[in-house]
Amino acid sequence: MNPSNSADPIVKFADVALGYGDFTVLQGIDIEVRRGQVVAMMGGSGSGKTTLLRAATGQITAQRGTINIFGRDLANISDTELRELRQCMGVLFQQGALFTDLNVFENVAFPLREHTEVSESQIIERVLDKLDAVGLRAAAHLNISEVSGGMARRVALARAIVLEPELILYDEPFAGLDPISLGITAQLIRSLTDRLNCASVLITHDVAESFLIADQVYMVGQGTLIAQGTPKELSTSQDAYVRQFLNGEPDGPIAFHYPTSPAFTKWLEQTTGRP
Ligand SMILES: Nc1ncnc2c1ncn2[C@@H]1O[C@H](COP(=O)(O)OP(=O)(O)OP(=O)(O)O)[C@@H](O)[C@H]1O
Ligand SMILES: [Mg+2]
């Protein structure tokens with residue numbers, strides 16, 4: 001892949017609507033992520049953050065608008081081109097499935113074996129380097145069944161970055177991490193972005209840690225983008241949604257409960273046997 005002009009955004013969503021079937025989760029989405037930037041995506045549970053990530057990787061298509069990745073319109077590319085594009089991306093999925101029949105080392109080595117022709121000694125060097133970055137060099141020999149939940153998260157992170165991609169998408173990289181690992185992981189995301197001059201998209205609920213490392217923050221809610229800006233700008237925002245989210249207040253425009261739908265009402269009537 002030869003990504004287009006380096007001044008172009010690596011990720012560009014223009015007036016995008018996303019959803020599943022007839023259901024629209026988000027609309028009116030405009031996002032830009034540039035080389036060298038860490039961009040945080042925040043929003044309540046179910047607001048559509050993972051949906052945005054699925055759209056950026058071409059797992060789902062836009063209901064309207066255009067999504068450009070490395071300057072390519074995802075609506076107009078072949079399966080082969082999409083595969084090439086994905087080789088320039090590292091993704092840490094929210095449910096970051098590791099291969100349970102491979103040990104820690106082989107899980108991280110997998111993308112190198114799959115997508116590159118590098119020698120075995122190069123593989124060993126690169127994998128141990130990435131495991132070292134997430135603090136798990138000495139866990140290389142362990143089976144996946146022998147690592148804790150937080151360790152598995154860090155193995156998945158090492159695997160997402162092992163190809164040193166130009167775009168890295170992290171869905172909840174801090175989930176299940178203790179405060180020390182969390183701080184180190186956040187710094188790792190920042191330093192990797194600076195060193196590789198790649199673009200990083202960070203989906204997280206962790207305001208304190210992400211505000212320390214992000215250049216730009218987008219907040220999703222109420223079916224759209226409700227705020228964007230630098231961490232400093234959002235910290236001083238008077239917007240009720242932004243304030244509620246940043247302060248973790250139970251009362252405000254963000255509802256805790258998943259909204260009632262006709263499908264739920266129908267299910268409940270059938271389940272309880274009452275009309
Ligand atoms: N495969 C799917 N089919 C249908 N609806 C889905 C699917 N995946 C997610 N949704 C719905 O889309 C909405 C957004 O989900 P999404 O997973 O993007 O939320 P999120 O912001 O990542 O939440 P969380 O912080 O809990 O991970 C939710 O209402 C969810 O029920
Ligand atoms: Mg999610």
# chains A, B, ... in the order shown; residues from 1 in each chain; ligands from 1
>>> residues_around(residues="segment 8-10 of chain A", least_positions_apart="6", cutoff="9 Å", atoms="only C-alpha atoms", output="tab-separated table (two decimals) with C-alpha atoms, in the first residue's frame")
chain	number	residue	atom	x	y	z
A	32	GLU	CA	-10.99	13.38	10.69
A	33	VAL	CA	-7.93	11.61	12.01
A	34	ARG	CA	-4.51	12.70	10.82
A	35	ARG	CA	-1.07	11.14	10.85
A	68	ASN	CA	-12.34	7.47	3.35
A	69	ILE	CA	-9.46	5.46	4.78
A	70	PHE	CA	-5.96	6.32	3.47
A	71	GLY	CA	-7.76	8.47	0.90
A	166	GLU	CA	-0.18	3.30	9.87
A	167	LEU	CA	-3.61	3.32	11.48
A	198	CYS	CA	0.77	6.71	12.57
A	199	ALA	CA	-2.81	7.63	13.42
>>> residues_near_ligand(ligand="ligand 1", cutoff="6 Å", atoms="only C-alpha atoms and all ligand atoms", output="list in words")
Tyr20, Val25, Gly44, Ser45, Gly46, Ser47, Gly48, Lys49, Thr50 and Thr51 of chain A
>>> residues_near_ligand(ligand="ligand 2", cutoff="12 Å", atoms="only C-alpha atoms and all ligand atoms", output="PDB file with C-alpha atoms, in the first residue's frame")
ATOM      1  CA  MET A  41     -13.829   8.463  20.876  1.00  0.00           C
ATOM      2  CA  MET A  42     -15.974   8.658  23.949  1.00  0.00           C
ATOM      3  CA  GLY A  43     -19.619   8.132  24.730  1.00  0.00           C
ATOM      4  CA  GLY A  44     -21.960   6.077  26.864  1.00  0.00           C
ATOM      5  CA  SER A  45     -22.424   2.333  26.522  1.00  0.00           C
ATOM      6  CA  GLY A  46     -24.418   1.532  23.383  1.00  0.00           C
ATOM      7  CA  SER A  47     -23.856   5.002  21.891  1.00  0.00           C
ATOM      8  CA  GLY A  48     -22.146   3.551  18.790  1.00  0.00           C
ATOM      9  CA  LYS A  49     -18.383   3.662  19.380  1.00  0.00           C
ATOM     10  CA  THR A  50     -17.707   0.086  18.282  1.00  0.00           C
ATOM     11  CA  THR A  51     -20.048   0.686  15.351  1.00  0.00           C
ATOM     12  CA  LEU A  52     -17.752   3.541  14.235  1.00  0.00           C
ATOM     13  CA  LEU A  53     -14.761   1.205  14.420  1.00  0.00           C
ATOM     14  CA  ARG A  54     -16.565  -1.459  12.374  1.00  0.00           C
ATOM     15  CA  LEU A  92      -7.625  -4.169  19.022  1.00  0.00           C
ATOM     16  CA  PHE A  93     -11.174  -5.490  19.128  1.00  0.00           C
ATOM     17  CA  GLN A  94     -13.328  -4.941  22.213  1.00  0.00           C
ATOM     18  CA  GLN A  95     -13.742  -8.706  22.440  1.00  0.00           C
ATOM     19  CA  GLY A  96     -10.115  -9.223  21.416  1.00  0.00           C
ATOM     20  CA  TYR A 170      -8.109   0.454  19.869  1.00  0.00           C
ATOM     21  CA  ASP A 171     -11.520  -0.525  21.240  1.00  0.00           C
ATOM     22  CA  GLU A 172     -11.375  -0.178  25.041  1.00  0.00           C
ATOM     23  CA  PRO A 173      -7.646  -0.904  25.432  1.00  0.00           C
ATOM     24  CA  ALA A 175     -10.606  -2.510  30.043  1.00  0.00           C
ATOM     25  CA  LEU A 202      -8.805   5.234  20.916  1.00  0.00           C
ATOM     26  CA  ILE A 203     -12.255   4.168  22.064  1.00  0.00           C
ATOM     27  CA  THR A 204     -12.470   4.511  25.797  1.00  0.00           C
ATOM     28  CA  HIS A 205     -14.516   5.520  28.805  1.00  0.00           C
ATOM     29  CA  VAL A 220     -20.943  10.409  20.615  1.00  0.00           C
TER      30      VAL A 220
END
>>> closest_residue(among="A:His257, A:Arg274, A:Arg137, A:Arg86", to="Ala160 of chain A", atoms="only C-alpha atoms")
A:Arg86
>>> closest_atom_pairs(of="segment 169-237 of chain A", to="segment 11-18 of chain A", cutoff="12 Å", atoms="only C-alpha atoms", output="JSON lines")
{"residue": "A:Leu169", "atom": "CA", "partner": "A:Val11", "partner_atom": "CA", "distance": 10.8}
{"residue": "A:Cys198", "atom": "CA", "partner": "A:Val11", "partner_atom": "CA", "distance": 11.3}
{"residue": "A:Ala199", "atom": "CA", "partner": "A:Val11", "partner_atom": "CA", "distance": 8.5}
{"residue": "A:Ser200", "atom": "CA", "partner": "A:Val11", "partner_atom": "CA", "distance": 9.9}
{"residue": "A:Val201", "atom": "CA", "partner": "A:Val11", "partner_atom": "CA", "distance": 9.4}
{"residue": "A:Gly223", "atom": "CA", "partner": "A:Ala17", "partner_atom": "CA", "distance": 9.4}
{"residue": "A:Thr224", "atom": "CA", "partner": "A:Ala17", "partner_atom": "CA", "distance": 8.8}
{"residue": "A:Leu225", "atom": "CA", "partner": "A:Asp15", "partner_atom": "CA", "distance": 10.6}
>>> residues_around(residues="segment 182-189 of chain A", least_positions_apart="3", cutoff="7 Å", atoms="only C-alpha atoms", output="list in words")
Val134, Phe174, Leu177, Asp178, Pro179, Leu192, Thr193, Glu209 and Ile213 of chain A
>>> write_last_selection(atoms="C-alpha atoms", output="compact mmCIF listing (two decimals), in the first residue's frame")
# COMPACT_ATOMS: atom_id res chain seq x y z
CA VAL A 134 3.28 -4.30 27.18
CA PHE A 174 -7.81 -0.09 29.15
CA LEU A 177 -6.16 -3.17 33.43
CA ASP A 178 -4.87 -2.15 36.86
CA PRO A 179 -3.96 1.54 37.31
CA LEU A 192 3.92 4.51 19.43
CA THR A 193 1.86 7.10 17.57
CA GLU A 209 -6.10 8.84 30.98
CA ILE A 213 -2.67 11.53 25.58
>>> closest_residue(among="A:Gln37, A:Gln27, A:Ser145, A:Ser119", to="Asp194 of chain A", atoms="only C-alpha atoms")
A:Gln37
>>> residues_around(residues="Asp101 of chain A", least_positions_apart="3", cutoff="10 Å", atoms="only C-alpha atoms", output="PyMOL selection string")
chain A and resi 98+104+106-107+143-145
>>> write_last_selection(atoms="N, CA and C atoms", output="CSV table (one decimal), in the first residue's frame")
chain,number,residue,atom,x,y,z
A,98,LEU,N,-8.1,-14.0,21.3
A,98,LEU,CA,-6.8,-14.6,21.1
A,98,LEU,C,-7.0,-16.0,20.6
A,104,VAL,N,1.3,-17.3,24.1
A,104,VAL,CA,1.3,-15.8,24.0
A,104,VAL,C,2.2,-15.4,22.8
A,106,GLU,N,3.1,-17.0,20.1
A,106,GLU,CA,2.6,-17.3,18.7
A,106,GLU,C,1.4,-16.4,18.4
A,107,ASN,N,0.6,-16.0,19.4
A,107,ASN,CA,-0.5,-15.1,19.1
A,107,ASN,C,0.0,-13.8,18.6
A,143,ASN,N,0.5,-20.4,27.9
A,143,ASN,CA,-0.7,-20.7,27.1
A,143,ASN,C,-1.7,-19.6,27.4
A,144,ILE,N,-2.6,-19.3,26.5
A,144,ILE,CA,-3.6,-18.3,26.8
A,144,ILE,C,-4.5,-18.6,28.0
A,145,SER,N,-4.7,-20.0,28.2
A,145,SER,CA,-5.5,-20.3,29.4
A,145,SER,C,-4.7,-20.0,30.7
>>> select_by_dssp(residues="segment 15-176 of chain A", states="alpha helix (DSSP H)", output="MDAnalysis selection string")
chainID A and resid 49:56 79:87 104:115 120:133 149:161
>>> residues_around(residues="Val147 of chain A", least_positions_apart="2", cutoff="12 Å", atoms="only C-alpha atoms", output="PyMOL selection string")
chain A and resi 98+100+103-104+136+138-145+149-156
>>> closest_residue(among="A:Ala214, A:Ile168, A:Ala208, A:Leu163", to="Glu117 of chain A", atoms="only C-alpha atoms")
A:Leu163
>>> closest_residue(among="A:Leu246, A:Ile67, A:Ala62, A:Met219", to="Asp206 of chain A", atoms="only C-alpha atoms")
A:Leu246
>>> select_by_dssp(residues="segment 8-210 of chain A", states="strand (DSSP E)", output="count of residues only")
49
>>> residues_around(residues="Ala158 of chain A", least_positions_apart="4", cutoff="9 Å", atoms="only C-alpha atoms", output="NGL selection string")
:A and (108 or 127 or 130-134 or 153-154 or 162)
>>> atom_distance(atom1="atom CA of Leu212 of chain A", atom2="atom CA of Asp30 of chain A")
23.3 Å
>>> closest_residue(among="A:Val38, A:Gly90, A:Gly135, A:Val207", to="Ser181 of chain A", atoms="only C-alpha atoms")
A:Gly135
